[in-house]
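The next block holds one structure in the form of structure tokens; read it before the comments.
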Amino acid sequence: MKQFKLEIISPNEIVFEKEVDLVIFPGSEGDIGILKDHMPFLTSLRVGIVYIYLEKKIIETFLVTGGIVEVSQNRCSLLTEEVINTNSVSSTNKNEESSNKDEINLKRQKEKALAKFYYS
Amino acid sequence: MPSLKDLRNRISSVKSTKKITSAMKMVAAAKLKKAQDNAEKTRPYARKMSDIVNSLVENNKSKEFEFSEKKTKKTRNILLIVCSADRGLCGGFNSSIIKFSKKLSEKIINDGGQVSYIFVGKKAYQSLQRFCGESILDLFSDIANPSIKFELASSLRDKILELFRNDSMDECYLIYTEFKSAISQTVQSLKLLPLNALETSDNNSSNKSYDFEPSEEEILNEIIPKNIAIQIHTALLENLASEQGSRMTAMDNATRNANDMIDNLTLFYNRSRQALITKELIEIISGAEAV
């Protein structure tokens, strides 16, 4: 899989900067996946989750509340004012977690299917 | 010649001044570190944002859009946003900002334009108050207490856009001090509005033709206000870092000068004391001889 550079920048810091395979983010008119050699592209974001894939696995997910994505010359820059790494957010209620297990499984399956679709 | 008591008083007053300046230097150094970190962290975001806006505007050279130049008007109303510090004792920091703004506004007036001002920070406001008279629109002070908030930049941005939309302002410049290092800062002006393409020689960036989602116009309308806010925010952060850097060097110099002064005064004091003792001895001896 060919890789391209992704950077997620917020006013406070550079949140993420790495070579990745695929990134899926919530564009204002629907989710968009970016692979290598994408044409120059500019879109605004809505609230949602950014999935970053490397070697067919999600390596990182971020919650964004809006912003702008620019893609040009194999470089994808995501500018957002508010971004949270979802790993840093954990459910405080364990019961809730277990009851949501089915939901989570369903979500995982969806993610897998999505990844399969993009990698195929 | 001052008496010994006068000298002692002077020495002790210089010593207490030195205590104050060295304390201020240390406070400024601590604040500088934080301010510098903040300023440097925002830089990549601001730079990327202005890159995107510039390339967008460049692609749009021929088209008219909301924030492009108005060519119909003859007299230009120009808004200067002057960023300075709230407090003094920071060397030439405030005075160089004041000088720069004065020069710029005189140039604009000579060219037949009209100038209005928004001040951020009290110092420039206080000394330019008489010079600009009634053209001061607003003053924001105490911005860095405890830290610079993004809301300030957004409210400034809203104000600017409102003025621009109802035609009471045609151009807007931001005057601030760029932070290079603790000892070197330069006053700069940044054009916020209207947007026109930078005249750059490299054609690499202008050849990009973007695909837009939703439409180009909507993206422009969303991204330009964002860009203005973030540019103001970074300028304020840079300004704060510059202020602290400038204060630190100024106070360092003051402490060093106080040290020199204490040395000189102590030397002088000892000499006078010695001279006084010698004089007394001579008096006693010559008195004894006469008996």
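To be explicit about the labels: the chains of the structure tokens are called A, B, and onward in the order shown, and within each one the residues are counted from 1, while ligands get numbers from 1 in the order they are shown.
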
Distance table requested - stretch 25-114 of chain B against stretch 66-77 of chain A, cut-off 10 Å, only C-alpha atoms: one row per qualifying residue with the closest atom pair and its distance in Å to one decimal, ordered by chain and rising residue number, as CSV.
```
residue,atom,partner,partner_atom,distance
B:Tyr45,CA,A:Ser77,CA,9.8
B:Lys48,CA,A:Ser77,CA,8.2
B:Met49,CA,A:Ile68,CA,9.1
B:Ile52,CA,A:Glu70,CA,7.7
```

Selection above as a file: N, CA and C atoms, as a PDB file, in the first residue's frame:
```pdb
ATOM      1  N   TYR B  45      -0.300  26.139  12.411  1.00  0.00           N
ATOM      2  CA  TYR B  45      -1.709  26.245  12.035  1.00  0.00           C
ATOM      3  C   TYR B  45      -1.945  27.513  11.220  1.00  0.00           C
ATOM      4  N   LYS B  48      -0.281  27.352   7.709  1.00  0.00           N
ATOM      5  CA  LYS B  48      -0.994  26.470   6.774  1.00  0.00           C
ATOM      6  C   LYS B  48      -2.274  27.149   6.296  1.00  0.00           C
ATOM      7  N   MET B  49      -2.986  27.749   7.270  1.00  0.00           N
ATOM      8  CA  MET B  49      -4.230  28.422   6.950  1.00  0.00           C
ATOM      9  C   MET B  49      -4.006  29.527   5.937  1.00  0.00           C
ATOM     10  N   ILE B  52      -3.288  28.172   2.464  1.00  0.00           N
ATOM     11  CA  ILE B  52      -4.490  27.720   1.751  1.00  0.00           C
ATOM     12  C   ILE B  52      -5.255  28.928   1.209  1.00  0.00           C
TER      13      ILE B  52
END
```

Compile a residue-level contact table for chain B against chain A at a cut-off of 7 Å, reporting for every qualifying residue the shortest atom pair and its distance in Å to one decimal, with only C-alpha atoms counted, rows ordered by chain and ascending number, as JSON lines.
```
{"residue": "B:Lys41", "atom": "CA", "partner": "A:Glu13", "partner_atom": "CA", "distance": 5.0}
{"residue": "B:Thr42", "atom": "CA", "partner": "A:Pro11", "partner_atom": "CA", "distance": 4.8}
{"residue": "B:Tyr45", "atom": "CA", "partner": "A:Pro11", "partner_atom": "CA", "distance": 5.5}
{"residue": "B:Lys208", "atom": "CA", "partner": "A:Pro40", "partner_atom": "CA", "distance": 6.7}
{"residue": "B:Ser209", "atom": "CA", "partner": "A:Pro40", "partner_atom": "CA", "distance": 6.5}
{"residue": "B:Tyr210", "atom": "CA", "partner": "A:Pro40", "partner_atom": "CA", "distance": 4.7}
{"residue": "B:Asp211", "atom": "CA", "partner": "A:Phe41", "partner_atom": "CA", "distance": 4.5}
{"residue": "B:Phe212", "atom": "CA", "partner": "A:Leu42", "partner_atom": "CA", "distance": 5.1}
{"residue": "B:Glu213", "atom": "CA", "partner": "A:Thr43", "partner_atom": "CA", "distance": 4.9}
{"residue": "B:Pro214", "atom": "CA", "partner": "A:Thr43", "partner_atom": "CA", "distance": 6.7}
{"residue": "B:Ile219", "atom": "CA", "partner": "A:Ser44", "partner_atom": "CA", "distance": 6.8}
```

Option closest in space to B:Thr186, from B:Ile97, B:Met24, B:Cys83, B:Ile11 [counting only C-alpha atoms]: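 Selected residue with least distance to B:Thr186: B:Ile97.
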
I'd like the contact shell of B:Gly121 - 8 Å cut-off, only C-alpha atoms, skipping same-chain residues fewer than 6 positions apart - returned as a CSV table (one decimal) with C-alpha atoms, in the first residue's frame.
```csv
chain,number,residue,atom,x,y,z
B,83,CYS,CA,-1.2,45.8,19.3
B,84,SER,CA,1.0,46.9,22.2
B,85,ALA,CA,1.5,46.1,25.8
B,86,ASP,CA,-0.6,47.1,28.8
B,139,LEU,CA,-9.7,49.7,23.0
B,140,PHE,CA,-9.1,46.2,24.3
B,141,SER,CA,-6.9,46.0,27.5
B,142,ASP,CA,-5.9,43.4,30.0
B,143,ILE,CA,-5.8,40.8,27.3
```

Between atom CA of B:Lys99 and atom CA of B:Gly112, distance in Å (one decimal): 20.2 Å

Skipping near chain neighbours, those fewer than 6 positions away, what residues fall within 6 Å of A:Gln3 using only C-alpha atoms, listed as a PDB file with N, CA and C atoms, in the first residue's frame?
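Output (result05.pdb):
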```pdb
ATOM      1  N   GLU A  19       3.236   9.261   8.048  1.00  0.00           N
ATOM      2  CA  GLU A  19       2.858   8.655   6.779  1.00  0.00           C
ATOM      3  C   GLU A  19       1.757   7.638   7.039  1.00  0.00           C
ATOM      4  N   VAL A  20       0.670   7.725   6.289  1.00  0.00           N
ATOM      5  CA  VAL A  20      -0.419   6.771   6.503  1.00  0.00           C
ATOM      6  C   VAL A  20      -0.912   6.226   5.154  1.00  0.00           C
ATOM      7  N   ASP A  21      -1.736   5.174   5.243  1.00  0.00           N
ATOM      8  CA  ASP A  21      -2.304   4.558   4.038  1.00  0.00           C
ATOM      9  C   ASP A  21      -3.580   5.261   3.604  1.00  0.00           C
ATOM     10  N   LYS A  36      -3.430   7.671  -1.424  1.00  0.00           N
ATOM     11  CA  LYS A  36      -2.298   8.338  -2.077  1.00  0.00           C
ATOM     12  C   LYS A  36      -2.705   8.821  -3.475  1.00  0.00           C
TER      13      LYS A  36
END
```

B:Glu238 surroundings by only C-alpha atoms, 6 Å radius, close-in-sequence under 6 positions cut, as a ChimeraX atom specification: /B:39,178-179

Kindly save the residues from that selection, with N, CA and C atoms included, as a PDB file, in the first residue's frame.
```pdb
ATOM      1  N   ALA B  39       3.315  30.865  21.333  1.00  0.00           N
ATOM      2  CA  ALA B  39       3.435  31.494  20.021  1.00  0.00           C
ATOM      3  C   ALA B  39       3.921  30.480  18.992  1.00  0.00           C
ATOM      4  N   GLU B 178       6.816  41.022  15.689  1.00  0.00           N
ATOM      5  CA  GLU B 178       7.131  39.623  15.443  1.00  0.00           C
ATOM      6  C   GLU B 178       8.253  39.186  16.361  1.00  0.00           C
ATOM      7  N   PHE B 179       8.062  38.034  16.964  1.00  0.00           N
ATOM      8  CA  PHE B 179       9.056  37.533  17.903  1.00  0.00           C
ATOM      9  C   PHE B 179      10.082  36.693  17.157  1.00  0.00           C
TER      10      PHE B 179
END
```

Every residue of stretch 164-262 of chain B that DSSP places in alpha helix (DSSP H), as a PyMOL selection string: chain B and resi 164-165+216-262

Stretch 60-64 of chain A environment, 10 Å, only C-alpha atoms, sequence neighbours closer than 3 positions dropped, as number ranges by chain: A: 8, 15-16, 23-26, 45-54, 57, 67, 78-89

Distance query A:Tyr119 at most 12 Å, only C-alpha atoms, self and fewer than 2 positions along chain excluded, as JSON, numbers by chain: {"A": [1, 2, 21, 22, 23, 33, 34, 35, 36, 53, 54, 55, 56, 57, 112, 113, 114, 115, 116, 117]}

Selected residue of minimal separation from B:Lys5 among B:Ser272, B:Ser181, B:Asn59, B:Ser168, counting only C-alpha atoms: B:Ser272

Strand (DSSP E or B) residues, from DSSP on the backbone, in stretch 9-106 of chain A, as a PyMOL selection string: chain A and resi 9-10+13-20+22-27+30-34+41-45+48-54+57-64+67-72+75-79+83-85
